[in-house]
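Colleague: Sharing a structure below in structure tokens format, with a few things to ask.
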2 protein chains.
Amino acid sequence: MGVRIALDAMGGDKAPSEIVRGAIEAAGREDGPERILLVGHSRDINAQLESRGISPGENGVLEVREASQVVEMDEAPALALRRKRDSSIKVSTRLLASGEADALVTAGNTGAAVVASWLVLDRAEGIDRPALAAFLPVGDGYCVMVDAGANVDCKAGQLAQFALMGSDCVRTYLGLDRPRVGILSNGEEKGKGNSVTVEAAAMLEELGRRGSVRFEGNVEGRDIPRGVVDVLVTDGFVGNIVLKTAEGAVGEVFSALKEVLSRGWATRLALALLAPSLKGLERRYRHSSYGGAMLLGVKAPVIVAHGSSEGESISNAIGLACRCAAGMRRNTPRMTGGFGASPSTEA
Amino acid sequence: MGVRIALDAMGGDKAPSEIVRGAIEAAGREDGPERILLVGHSRDINAQLESRGISPGENGVLEVREASQVVEMDEAPALALRRKRDSSIKVSTRLLASGEADALVTAGNTGAAVVASWLVLDRAEGIDRPALAAFLPVGDGYCVMVDAGANVDCKAGQLAQFALMGSDCVRTYLGLDRPRVGILSNGEEKGKGNSVTVEAAAMLEELGRRGSVRFEGNVEGRDIPRGVVDVLVTDGFVGNIVLKTAEGAVGEVFSALKEVLSRGWATRLALALLAPSLKGLERRYRHSSYGGAMLLGVKAPVIVAHGSSEGESISNAIGLACRCAAGMRRNTPRMTGGFGASPSTEA
């Protein structure tokens, strides 16, 4: 059975046009989903489809589901969700809860996606609050950074929960058996860190001794791209800053590169020769780092794409959602107790 | 009168050879210092000079000063400094305190440099603890990030002090009259941040109303390279992680770039054409971000270079030290009261 995606067609700075474009792109892929449920104002969505030469109902993969309201990007999440019971994000989570969809993709208000999922979906046991996992591309795989921005003030126990949620996420969705976990810190030596991360490291060492987690210690920022761990634990304040800083630094390098390359005739020639390779690289490094995050703490895959996502990012987020949903069928989630409850979840 | 530099010749992973190499390079520059005091084991330093064809005493700029001990890179700073009273870092700070040198450069144990400076040099009034400022290249100037790693757990009042110290640093050393100050946060909107940065922002707004600081609000990681502020405030845990993450991300891009460029004949040709430009760019972005930090909270310029510094970085650090020492002569430091004392230090 193929994967069915609930897609919040109204969420994002460029919704619905770029969201619909991404859906069409994903629908055309050989390994794409069996069905994409485009959730939102059906009139707007159908107009977008028609403008791209697709008659509503004609395509076997794309299907429109009506939702009469939209949570705007700058609205306070909890209040907006209470007021807008028929919003596209809420209808999307209901499709996931009812089993009509296997995974959810949204580029809308992140807070609203987190709150709606937490309220509507089944929660992982033993978890106090949801978190966001960013999938950082590392070699052929990913390093999953938790938390990417949902919780700005964290206690040590929360960081330990992030480690367990992240491990479960990697096991379940990516099929990796004993994911390596590290804490992002200002030095790799034991004892380095602020008071919260030092306390969290001690907790994770204890959990490691009990076999609940494979803790590798501290990880420095410069070692992230080297793939030294599969799960990188940090609070949402630092996680968010780190992702945006990397994005900014990489963008700056590409801008400078293009400027330098357009100076002399020889380098302009080189630029022409290189254009395709450069574009591929830039796509990989500039946006992927912050392109898609997954909500952890609920028992179904929810992918939160960047608010500024264009068609390609949405298509990639749908691809990640398919991969996660397929992984979930193969690998039953093992997290039954979470932190502090029944730690011996390892086989 | 030219600038005289005290250079810790024994500090750093590649000391003394690369330190001496950097000193020779800086001494050969037209706008270089009047004198560089190479502090450390004179026999080792002289051997390094001779191996590069320079007879001790012959060169007018380079001068060797004996220090019989070395604080190793992994030693506990306070203890090491108590035990090694004749260490190269301690002797260097004494040369600065006595007025024999105008600025100090070290690539040695950062903690030891901080503690030695704090103990030996005159302190800025109203400051509780020293901090490290990283000079991030932005356009033709710098964005000064405080703290780059000296204080991992910070209260809001400390962040406010970092803002004042950073402003004074930029005014004194770079001659910028009313430096713009921002707090690194997970969103630029007012109210975004963790509990400590939100409280610090409120303090800085109040100091801004009193004219002690020019506070511009929150700054996101991706906006750092755009030069939106002159002083970027953060705690040393986040600051250190941010610097290393940017370094890692940029390094990864250059590695990937070189790999992509060495695949086909056309791109190999392009790579050959581009090699000089690429090298320049890489130098600028890969190392400069963490190449040199300045100690704040003392009344003299102390530059702490990266432990892995090679000759070129040391030469650049000496250049920064010269610029700061010259700036200090032109612009008297205005910070008399620091945070909470006499805030109306603006003219």
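For the structure tokens, the naming scheme is as follows: chains receive sequential letters (A, B, ...) according to their order of presentation, residues are indexed from 1 within each chain, and ligands are indexed from 1 in presentation order.
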Both chains have the same sequence, so superpose chain B on chain A over all Cα atoms paired in order and return it as a compact mmCIF listing (two decimals) with C-alpha atoms, in the first residue's frame.

Modeller:
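Here's the written file result-v8.txt:
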```txt
# COMPACT_ATOMS: atom_id res chain seq x y z
CA MET B 1 -0.04 0.00 -0.01
CA GLY B 2 1.30 3.43 -0.95
CA VAL B 3 1.57 6.42 1.32
CA ARG B 4 -1.20 9.00 1.64
CA ILE B 5 -0.16 12.55 2.51
CA ALA B 6 -2.29 15.30 4.05
CA LEU B 7 -0.87 18.57 2.67
CA ASP B 8 -1.81 21.90 4.25
CA ALA B 9 -2.26 23.77 0.98
CA MET B 10 -2.91 27.13 2.68
CA GLY B 11 0.14 27.22 4.99
CA GLY B 12 3.26 29.19 4.05
CA ASP B 13 4.33 32.56 2.69
CA LYS B 14 3.76 31.38 -0.88
CA ALA B 15 0.57 29.38 -0.35
CA PRO B 16 -1.36 28.08 -2.10
CA SER B 17 0.51 28.49 -5.42
CA GLU B 18 3.92 27.03 -4.44
CA ILE B 19 2.33 24.37 -2.23
CA VAL B 20 0.21 23.16 -5.15
CA ARG B 21 3.25 23.29 -7.44
CA GLY B 22 5.18 21.10 -4.99
CA ALA B 23 2.27 18.64 -4.79
CA ILE B 24 2.16 18.33 -8.58
CA GLU B 25 5.92 17.74 -8.69
CA ALA B 26 5.75 15.07 -5.96
CA ALA B 27 2.73 13.42 -7.60
CA GLY B 28 4.73 13.01 -10.81
CA ARG B 29 7.57 11.12 -9.14
CA GLU B 30 7.89 7.38 -9.58
CA ASP B 31 8.49 6.85 -5.86
CA GLY B 32 5.94 9.52 -4.91
CA PRO B 33 2.91 9.06 -2.66
CA GLU B 34 -0.20 7.11 -3.63
CA ARG B 35 -2.34 10.09 -2.73
CA ILE B 36 -1.92 13.74 -1.76
CA LEU B 37 -4.86 15.34 0.00
CA LEU B 38 -4.67 19.08 -0.70
CA VAL B 39 -6.39 20.70 2.29
CA GLY B 40 -7.77 24.26 2.11
CA HIS B 41 -10.06 26.57 0.13
CA SER B 42 -11.04 24.21 -2.67
CA ARG B 43 -11.83 27.05 -5.06
CA ASP B 44 -8.32 28.51 -4.71
CA ILE B 45 -6.64 25.12 -4.92
CA ASN B 46 -8.64 24.07 -7.98
CA ALA B 47 -7.82 27.38 -9.67
CA GLN B 48 -4.12 26.70 -9.05
CA LEU B 49 -4.45 23.17 -10.44
CA GLU B 50 -6.30 24.42 -13.53
CA SER B 51 -3.77 27.16 -14.18
CA ARG B 52 -1.21 24.35 -14.40
CA GLY B 53 -3.36 22.37 -16.81
CA ILE B 54 -4.73 19.86 -14.33
CA SER B 55 -8.49 19.41 -14.14
CA PRO B 56 -9.80 18.78 -10.62
CA GLY B 57 -10.60 15.13 -10.11
CA GLU B 58 -8.75 14.07 -13.21
CA ASN B 59 -5.39 13.29 -11.59
CA GLY B 60 -5.34 10.04 -9.64
CA VAL B 61 -2.93 11.22 -6.97
CA LEU B 62 -4.12 14.74 -6.15
CA GLU B 63 -7.37 15.17 -4.25
CA VAL B 64 -8.78 18.38 -2.79
CA ARG B 65 -10.31 18.49 0.71
CA GLU B 66 -12.18 21.58 1.82
CA ALA B 67 -11.13 23.61 4.86
CA SER B 68 -12.76 27.02 5.12
CA GLN B 69 -10.27 28.79 7.40
CA VAL B 70 -6.53 29.57 7.52
CA VAL B 71 -4.24 30.18 10.50
CA GLU B 72 -2.08 33.11 9.39
CA MET B 73 1.72 33.01 9.78
CA ASP B 74 1.80 35.65 12.52
CA GLU B 75 -1.21 34.52 14.57
CA ALA B 76 -0.87 33.32 18.18
CA PRO B 77 -1.20 29.52 17.70
CA ALA B 78 -3.40 28.42 20.62
CA LEU B 79 -5.89 31.24 20.25
CA ALA B 80 -6.06 30.90 16.45
CA LEU B 81 -6.73 27.16 16.70
CA ARG B 82 -9.54 27.67 19.21
CA ARG B 83 -11.18 30.24 16.95
CA LYS B 84 -10.61 28.48 13.63
CA ARG B 85 -11.91 24.95 14.06
CA ASP B 86 -12.10 24.45 10.30
CA SER B 87 -8.57 25.72 9.55
CA SER B 88 -6.48 23.85 6.99
CA ILE B 89 -3.90 22.76 9.61
CA LYS B 90 -6.58 21.42 11.97
CA VAL B 91 -8.42 19.57 9.19
CA SER B 92 -5.07 18.11 8.07
CA THR B 93 -4.26 16.78 11.55
CA ARG B 94 -7.75 15.23 11.73
CA LEU B 95 -7.12 13.38 8.45
CA LEU B 96 -3.96 11.98 10.05
CA ALA B 97 -5.76 11.07 13.29
CA SER B 98 -8.58 9.29 11.46
CA GLY B 99 -6.15 7.22 9.40
CA GLU B 100 -7.18 8.77 6.08
CA ALA B 101 -3.61 10.05 5.78
CA ASP B 102 -0.30 8.45 6.87
CA ALA B 103 1.71 11.67 7.19
CA LEU B 104 1.19 15.43 7.25
CA VAL B 105 3.15 18.20 5.53
CA THR B 106 2.74 21.91 6.30
CA ALA B 107 4.72 25.09 5.60
CA GLY B 108 2.34 27.15 7.71
CA ASN B 109 2.59 28.69 11.19
CA THR B 110 4.98 26.34 13.03
CA GLY B 111 3.45 26.95 16.44
CA ALA B 112 -0.01 26.15 15.10
CA ALA B 113 1.26 22.91 13.56
CA VAL B 114 2.85 21.90 16.87
CA VAL B 115 -0.18 22.76 18.99
CA ALA B 116 -2.72 21.22 16.58
CA SER B 117 -0.73 17.96 16.35
CA TRP B 118 -0.25 17.81 20.10
CA LEU B 119 -3.99 18.29 20.69
CA VAL B 120 -5.37 16.05 17.96
CA LEU B 121 -2.90 13.16 17.54
CA ASP B 122 -1.92 10.31 19.88
CA ARG B 123 1.01 11.34 22.04
CA ALA B 124 4.15 9.35 22.76
CA GLU B 125 4.08 8.06 26.33
CA GLY B 126 6.30 9.69 28.95
CA ILE B 127 6.85 12.89 27.00
CA ASP B 128 5.98 16.24 28.63
CA ARG B 129 6.12 18.50 25.60
CA PRO B 130 6.53 18.10 21.84
CA ALA B 131 9.76 19.09 20.09
CA LEU B 132 10.90 19.77 16.54
CA ALA B 133 13.56 17.65 14.86
CA ALA B 134 15.54 19.17 11.99
CA PHE B 135 16.87 16.68 9.46
CA LEU B 136 20.38 17.87 8.61
CA PRO B 137 21.81 16.15 5.54
CA VAL B 138 25.07 14.38 6.43
CA GLY B 139 26.69 12.24 3.75
CA ASP B 140 23.98 9.88 2.49
CA GLY B 141 21.89 10.15 5.63
CA TYR B 142 20.76 12.62 8.23
CA CYS B 143 21.72 14.02 11.59
CA VAL B 144 18.50 14.71 13.46
CA MET B 145 18.73 17.84 15.63
CA VAL B 146 16.24 18.06 18.51
CA ASP B 147 14.94 20.67 19.42
CA ALA B 148 14.92 22.90 16.36
CA GLY B 149 12.81 25.63 17.91
CA ALA B 150 9.71 24.49 19.79
CA ASN B 151 11.03 24.90 23.37
CA VAL B 152 13.25 27.90 24.13
CA ASP B 153 13.74 27.33 27.87
CA CYS B 154 14.63 23.74 28.69
CA LYS B 155 15.52 21.87 31.85
CA ALA B 156 18.02 19.01 31.79
CA GLY B 157 15.26 16.39 31.97
CA GLN B 158 13.71 17.81 28.81
CA LEU B 159 17.02 17.54 26.94
CA ALA B 160 17.18 13.90 28.04
CA GLN B 161 13.66 13.39 26.65
CA PHE B 162 14.80 14.97 23.38
CA ALA B 163 17.53 12.33 23.22
CA LEU B 164 14.98 9.54 23.67
CA MET B 165 12.49 11.06 21.22
CA GLY B 166 15.25 11.67 18.67
CA SER B 167 16.54 8.12 19.00
CA ASP B 168 13.05 6.73 18.56
CA CYS B 169 12.50 8.98 15.54
CA VAL B 170 15.69 7.76 13.85
CA ARG B 171 14.93 4.11 14.68
CA THR B 172 11.31 4.30 13.54
CA TYR B 173 11.50 6.52 10.50
CA LEU B 174 15.01 5.92 9.22
CA GLY B 175 15.38 2.32 10.37
CA LEU B 176 18.74 2.86 12.12
CA ASP B 177 19.07 0.37 14.94
CA ARG B 178 21.17 2.01 17.66
CA PRO B 179 21.42 5.73 16.84
CA ARG B 180 24.36 7.61 18.36
CA VAL B 181 23.31 10.58 20.50
CA GLY B 182 25.36 13.70 21.31
CA ILE B 183 24.74 16.98 23.12
CA LEU B 184 25.63 20.19 21.28
CA SER B 185 28.17 22.00 23.44
CA ASN B 186 31.03 24.50 23.46
CA GLY B 187 33.64 21.76 23.76
CA GLU B 188 33.76 18.02 23.27
CA GLU B 189 35.53 17.30 26.55
CA LYS B 190 33.41 15.86 29.35
CA GLY B 191 32.30 18.60 31.72
CA LYS B 192 32.19 21.29 29.02
CA GLY B 193 28.84 23.01 28.59
CA ASN B 194 26.44 25.21 30.50
CA SER B 195 24.82 24.06 33.74
CA VAL B 196 21.79 22.56 31.94
CA THR B 197 23.75 20.56 29.34
CA VAL B 198 26.22 19.28 31.96
CA GLU B 199 23.30 17.99 34.04
CA ALA B 200 21.65 16.49 30.94
CA ALA B 201 24.90 14.75 29.99
CA ALA B 202 25.00 13.10 33.43
CA MET B 203 21.39 11.89 32.95
CA LEU B 204 22.17 10.52 29.48
CA GLU B 205 25.25 8.71 30.79
CA GLU B 206 23.03 7.00 33.36
CA LEU B 207 20.44 6.15 30.66
CA GLY B 208 23.32 4.88 28.53
CA ARG B 209 24.45 2.52 31.31
CA ARG B 210 20.89 1.18 31.47
CA GLY B 211 20.90 0.64 27.69
CA SER B 212 18.10 3.11 26.90
CA VAL B 213 20.24 5.36 24.76
CA ARG B 214 23.62 5.26 23.00
CA PHE B 215 25.21 8.40 24.38
CA GLU B 216 28.44 9.61 22.76
CA GLY B 217 29.01 12.78 24.82
CA ASN B 218 29.42 16.38 23.68
CA VAL B 219 29.55 17.49 20.04
CA GLU B 220 30.99 20.81 18.82
CA GLY B 221 29.30 22.89 16.13
CA ARG B 222 32.11 22.35 13.65
CA ASP B 223 31.71 18.56 13.85
CA ILE B 224 28.02 18.47 12.91
CA PRO B 225 28.68 18.10 9.14
CA ARG B 226 31.11 15.24 9.84
CA GLY B 227 28.21 13.03 10.91
CA VAL B 228 29.65 12.09 14.30
CA VAL B 229 26.17 11.45 15.73
CA ASP B 230 22.70 10.53 14.44
CA VAL B 231 20.83 12.55 17.06
CA LEU B 232 22.02 15.97 18.23
CA VAL B 233 20.38 17.29 21.39
CA THR B 234 20.01 21.00 22.17
CA ASP B 235 17.34 23.39 23.41
CA GLY B 236 15.07 25.08 20.88
CA PHE B 237 16.65 28.49 21.36
CA VAL B 238 20.16 27.30 20.49
CA GLY B 239 18.90 24.86 17.85
CA ASN B 240 17.02 27.54 15.98
CA ILE B 241 19.94 29.99 16.12
CA VAL B 242 22.41 27.32 14.95
CA LEU B 243 20.26 26.37 11.95
CA LYS B 244 19.75 29.97 10.88
CA THR B 245 23.42 30.87 11.41
CA ALA B 246 24.58 27.99 9.23
CA GLU B 247 22.02 29.00 6.61
CA GLY B 248 23.27 32.61 6.71
CA ALA B 249 26.95 31.69 6.59
CA VAL B 250 26.47 29.33 3.67
CA GLY B 251 24.32 31.84 1.79
CA GLU B 252 27.02 34.46 2.31
CA VAL B 253 29.68 32.17 0.87
CA PHE B 254 27.64 31.49 -2.26
CA SER B 255 26.90 35.19 -2.75
CA ALA B 256 30.60 36.06 -2.38
CA LEU B 257 31.51 33.20 -4.70
CA LYS B 258 29.21 34.45 -7.43
CA GLU B 259 30.50 37.99 -7.03
CA VAL B 260 34.13 36.89 -7.27
CA LEU B 261 33.32 34.67 -10.25
CA SER B 262 31.74 37.46 -12.25
CA ARG B 263 34.82 39.72 -12.23
CA GLY B 264 37.29 38.66 -14.95
CA TRP B 265 36.75 36.89 -18.28
CA ALA B 266 38.47 33.70 -17.12
CA THR B 267 36.38 33.42 -13.99
CA ARG B 268 33.22 34.30 -15.94
CA LEU B 269 34.02 31.41 -18.24
CA ALA B 270 34.55 29.20 -15.21
CA LEU B 271 31.25 30.37 -13.75
CA ALA B 272 29.47 29.37 -16.95
CA LEU B 273 31.08 25.93 -16.82
CA LEU B 274 30.22 25.53 -13.15
CA ALA B 275 26.70 26.91 -13.06
CA PRO B 276 24.90 23.54 -12.84
CA SER B 277 27.22 22.12 -10.16
CA LEU B 278 27.08 25.31 -8.14
CA LYS B 279 23.32 25.39 -8.28
CA GLY B 280 23.11 21.82 -7.02
CA LEU B 281 25.49 22.51 -4.17
CA GLU B 282 23.74 25.68 -3.17
CA ARG B 283 20.40 23.93 -3.14
CA ARG B 284 21.82 21.25 -0.89
CA TYR B 285 23.53 23.50 1.63
CA ARG B 286 21.56 26.70 1.58
CA HIS B 287 18.08 25.45 2.16
CA SER B 288 18.19 21.82 3.15
CA SER B 289 19.58 22.60 6.57
CA TYR B 290 16.34 24.25 7.52
CA GLY B 291 14.10 22.89 4.82
CA GLY B 292 12.07 20.49 6.86
CA ALA B 293 11.59 19.64 10.51
CA MET B 294 9.60 16.82 12.04
CA LEU B 295 7.38 17.08 15.06
CA LEU B 296 8.38 14.64 17.80
CA GLY B 297 6.19 13.49 20.66
CA VAL B 298 3.22 12.36 18.57
CA LYS B 299 2.71 8.92 17.05
CA ALA B 300 2.57 9.93 13.38
CA PRO B 301 4.92 11.74 10.99
CA VAL B 302 4.28 15.50 10.86
CA ILE B 303 6.70 17.46 8.63
CA VAL B 304 6.96 21.21 9.20
CA ALA B 305 8.55 22.86 6.16
CA HIS B 306 10.10 26.33 6.09
CA GLY B 307 7.52 29.12 5.84
CA SER B 308 9.19 30.46 2.72
CA SER B 309 9.14 27.05 0.98
CA GLU B 310 8.74 26.97 -2.78
CA GLY B 311 7.56 24.05 -4.89
CA GLU B 312 10.78 22.13 -4.75
CA SER B 313 11.05 22.28 -0.94
CA ILE B 314 7.44 21.16 -0.60
CA SER B 315 8.09 18.27 -2.97
CA ASN B 316 11.15 17.31 -0.89
CA ALA B 317 9.15 17.55 2.33
CA ILE B 318 6.54 15.22 0.80
CA GLY B 319 9.38 12.85 -0.10
CA LEU B 320 10.63 12.90 3.50
CA ALA B 321 7.08 12.32 4.75
CA CYS B 322 6.74 9.28 2.45
CA ARG B 323 10.05 7.87 3.66
CA CYS B 324 9.04 8.32 7.29
CA ALA B 325 5.56 6.84 6.84
CA ALA B 326 7.02 3.82 5.04
CA GLY B 327 9.66 3.45 7.77
CA MET B 328 6.97 3.55 10.41
CA ARG B 329 5.22 0.56 8.82
CA ARG B 330 8.43 -1.47 8.88
CA ASN B 331 9.66 -0.40 12.31
CA THR B 332 7.20 -0.20 15.17
CA PRO B 333 8.06 2.67 17.53
CA ARG B 334 9.76 1.28 20.63
CA MET B 335 9.27 4.22 22.91
CA THR B 336 6.75 2.97 25.42
CA GLY B 337 7.91 4.62 28.60
CA GLY B 338 10.00 7.60 27.63
CA PHE B 339 12.39 9.18 30.06
CA GLY B 340 12.23 7.93 33.62
CA ALA B 341 9.45 5.42 33.05
CA SER B 342 10.50 2.06 31.59
CA PRO B 343 14.00 2.68 30.30
CA SER B 344 14.83 -0.84 29.16
CA THR B 345 13.14 -0.52 25.80
CA GLU B 346 16.17 -1.89 23.96
CA ALA B 347 15.77 -5.38 22.58
```

Colleague: Where does DSSP see helix (DSSP H, G or I) in stretch 8-105 of chain B, if you list the residues as a VMD selection string?

Modeller: chain B and resid 17 to 27 42 to 51 77 to 83 88 to 97

Colleague: Write out the residues from the selection above, keeping N, CA and C atoms, as a tab-separated table (two decimals), in the first residue's frame.

Modeller:
```tsv
chain	number	residue	atom	x	y	z
B	17	SER	N	56.94	27.34	16.28
B	17	SER	CA	57.34	27.56	14.88
B	17	SER	C	56.39	28.48	14.12
B	18	GLU	N	55.06	28.20	14.17
B	18	GLU	CA	54.13	29.03	13.40
B	18	GLU	C	53.96	30.42	14.01
B	19	ILE	N	54.15	30.52	15.32
B	19	ILE	CA	54.04	31.84	15.98
B	19	ILE	C	55.19	32.73	15.48
B	20	VAL	N	56.38	32.14	15.46
B	20	VAL	CA	57.56	32.90	15.00
B	20	VAL	C	57.39	33.26	13.52
B	21	ARG	N	56.86	32.31	12.74
B	21	ARG	CA	56.65	32.59	11.31
B	21	ARG	C	55.69	33.77	11.13
B	22	GLY	N	54.61	33.80	11.93
B	22	GLY	CA	53.66	34.90	11.86
B	22	GLY	C	54.29	36.22	12.26
B	23	ALA	N	55.18	36.18	13.27
B	23	ALA	CA	55.86	37.41	13.72
B	23	ALA	C	56.75	37.96	12.62
B	24	ILE	N	57.46	37.04	11.94
B	24	ILE	CA	58.35	37.49	10.85
B	24	ILE	C	57.53	38.13	9.73
B	25	GLU	N	56.38	37.49	9.41
B	25	GLU	CA	55.52	38.03	8.36
B	25	GLU	C	55.01	39.42	8.74
B	26	ALA	N	54.54	39.56	9.98
B	26	ALA	CA	54.00	40.86	10.43
B	26	ALA	C	55.09	41.92	10.48
B	27	ALA	N	56.31	41.49	10.88
B	27	ALA	CA	57.42	42.45	10.98
B	27	ALA	C	57.81	43.00	9.62
B	42	SER	N	63.92	31.40	25.09
B	42	SER	CA	64.67	32.14	24.08
B	42	SER	C	65.48	31.21	23.18
B	43	ARG	N	65.92	30.07	23.73
B	43	ARG	CA	66.71	29.17	22.89
B	43	ARG	C	65.85	28.64	21.72
B	44	ASP	N	64.63	28.21	22.06
B	44	ASP	CA	63.73	27.69	21.02
B	44	ASP	C	63.38	28.77	20.00
B	45	ILE	N	63.07	29.95	20.50
B	45	ILE	CA	62.66	31.04	19.61
B	45	ILE	C	63.81	31.44	18.69
B	46	ASN	N	65.01	31.56	19.28
B	46	ASN	CA	66.17	31.93	18.46
B	46	ASN	C	66.47	30.87	17.40
B	47	ALA	N	66.29	29.59	17.78
B	47	ALA	CA	66.51	28.51	16.81
B	47	ALA	C	65.53	28.66	15.65
B	48	GLN	N	64.28	28.98	15.96
B	48	GLN	CA	63.28	29.19	14.92
B	48	GLN	C	63.65	30.36	14.02
B	49	LEU	N	64.10	31.45	14.64
B	49	LEU	CA	64.51	32.63	13.86
B	49	LEU	C	65.68	32.27	12.94
B	50	GLU	N	66.68	31.58	13.50
B	50	GLU	CA	67.86	31.23	12.71
B	50	GLU	C	67.51	30.31	11.55
B	51	SER	N	66.61	29.36	11.81
B	51	SER	CA	66.23	28.42	10.75
B	51	SER	C	65.56	29.16	9.60
B	77	PRO	N	43.40	26.60	33.93
B	77	PRO	CA	44.03	27.92	33.89
B	77	PRO	C	44.49	28.46	35.24
B	78	ALA	N	43.58	28.54	36.21
B	78	ALA	CA	43.91	29.21	37.47
B	78	ALA	C	45.07	28.51	38.18
B	79	LEU	N	44.97	27.19	38.25
B	79	LEU	CA	46.00	26.41	38.92
B	79	LEU	C	47.34	26.55	38.20
B	80	ALA	N	47.31	26.44	36.86
B	80	ALA	CA	48.54	26.53	36.07
B	80	ALA	C	49.23	27.87	36.28
B	81	LEU	N	48.42	28.96	36.34
B	81	LEU	CA	49.01	30.29	36.49
B	81	LEU	C	49.63	30.48	37.87
B	82	ARG	N	49.02	29.85	38.89
B	82	ARG	CA	49.58	29.96	40.23
B	82	ARG	C	50.93	29.23	40.29
B	83	ARG	N	50.99	28.08	39.62
B	83	ARG	CA	52.21	27.28	39.66
B	83	ARG	C	53.32	27.83	38.76
B	88	SER	N	55.00	32.03	29.73
B	88	SER	CA	55.04	33.01	28.64
B	88	SER	C	53.80	33.91	28.64
B	89	ILE	N	52.62	33.38	29.00
B	89	ILE	CA	51.42	34.22	28.98
B	89	ILE	C	51.46	35.24	30.13
B	90	LYS	N	51.98	34.81	31.29
B	90	LYS	CA	52.04	35.73	32.43
B	90	LYS	C	53.08	36.83	32.17
B	91	VAL	N	54.24	36.44	31.66
B	91	VAL	CA	55.27	37.44	31.35
B	91	VAL	C	54.74	38.43	30.30
B	92	SER	N	53.99	37.91	29.32
B	92	SER	CA	53.43	38.78	28.28
B	92	SER	C	52.46	39.80	28.87
B	93	THR	N	51.58	39.36	29.78
B	93	THR	CA	50.64	40.31	30.39
B	93	THR	C	51.39	41.36	31.22
B	94	ARG	N	52.50	40.94	31.86
B	94	ARG	CA	53.27	41.91	32.65
B	94	ARG	C	53.90	42.98	31.75
B	95	LEU	N	54.34	42.58	30.56
B	95	LEU	CA	54.91	43.55	29.62
B	95	LEU	C	53.85	44.58	29.23
B	96	LEU	N	52.58	44.11	29.12
B	96	LEU	CA	51.48	45.01	28.78
B	96	LEU	C	51.17	45.92	29.95
B	97	ALA	N	51.17	45.35	31.17
B	97	ALA	CA	50.86	46.13	32.37
B	97	ALA	C	51.90	47.22	32.63
```

Colleague: Out of stretch 125-206 of chain A, which residues get strand (DSSP E) from DSSP, as a compact mmCIF listing (two decimals) with N, CA and C atoms, in the first residue's frame?

Modeller:
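Okay, result39.txt is ready:
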```
# COMPACT_ATOMS: atom_id res chain seq x y z
N ALA A 131 8.54 18.45 20.53
CA ALA A 131 9.76 19.13 20.09
C ALA A 131 9.84 19.04 18.57
N LEU A 132 10.71 19.85 18.00
CA LEU A 132 10.91 19.81 16.55
C LEU A 132 12.28 19.22 16.23
N ALA A 133 12.30 18.29 15.29
CA ALA A 133 13.56 17.70 14.85
C ALA A 133 13.89 18.21 13.46
N ALA A 134 15.08 18.79 13.32
CA ALA A 134 15.53 19.21 11.99
C ALA A 134 16.37 18.09 11.39
N PHE A 135 16.11 17.75 10.15
CA PHE A 135 16.87 16.70 9.46
C PHE A 135 18.01 17.36 8.70
N LEU A 136 19.22 17.29 9.26
CA LEU A 136 20.38 17.90 8.61
C LEU A 136 21.03 16.87 7.71
N PRO A 137 21.18 17.16 6.42
CA PRO A 137 21.80 16.17 5.53
C PRO A 137 23.27 15.98 5.86
N VAL A 138 23.66 14.74 6.07
CA VAL A 138 25.05 14.39 6.40
C VAL A 138 25.41 13.18 5.56
N GLY A 141 22.95 10.26 4.66
CA GLY A 141 21.85 10.17 5.61
C GLY A 141 21.53 11.51 6.26
N TYR A 142 21.12 11.44 7.51
CA TYR A 142 20.73 12.65 8.23
C TYR A 142 21.32 12.65 9.63
N CYS A 143 21.54 13.87 10.15
CA CYS A 143 21.71 14.04 11.58
C CYS A 143 20.44 14.75 12.03
N VAL A 144 19.75 14.17 13.00
CA VAL A 144 18.48 14.73 13.46
C VAL A 144 18.73 15.62 14.67
N MET A 145 18.52 16.93 14.51
CA MET A 145 18.74 17.86 15.62
C MET A 145 17.43 18.14 16.34
N VAL A 146 17.42 17.86 17.67
CA VAL A 146 16.25 18.10 18.51
C VAL A 146 16.68 18.97 19.69
N ARG A 180 23.38 6.94 17.42
CA ARG A 180 24.33 7.60 18.33
C ARG A 180 23.80 8.98 18.70
N VAL A 181 23.84 9.31 19.99
CA VAL A 181 23.29 10.57 20.49
C VAL A 181 24.40 11.45 21.06
N GLY A 182 24.40 12.74 20.72
CA GLY A 182 25.34 13.68 21.30
C GLY A 182 24.63 14.93 21.77
N ILE A 183 25.26 15.66 22.69
CA ILE A 183 24.73 16.96 23.13
C ILE A 183 25.58 18.06 22.50
N LEU A 184 24.92 19.03 21.87
CA LEU A 184 25.64 20.16 21.28
C LEU A 184 26.24 21.00 22.41
```
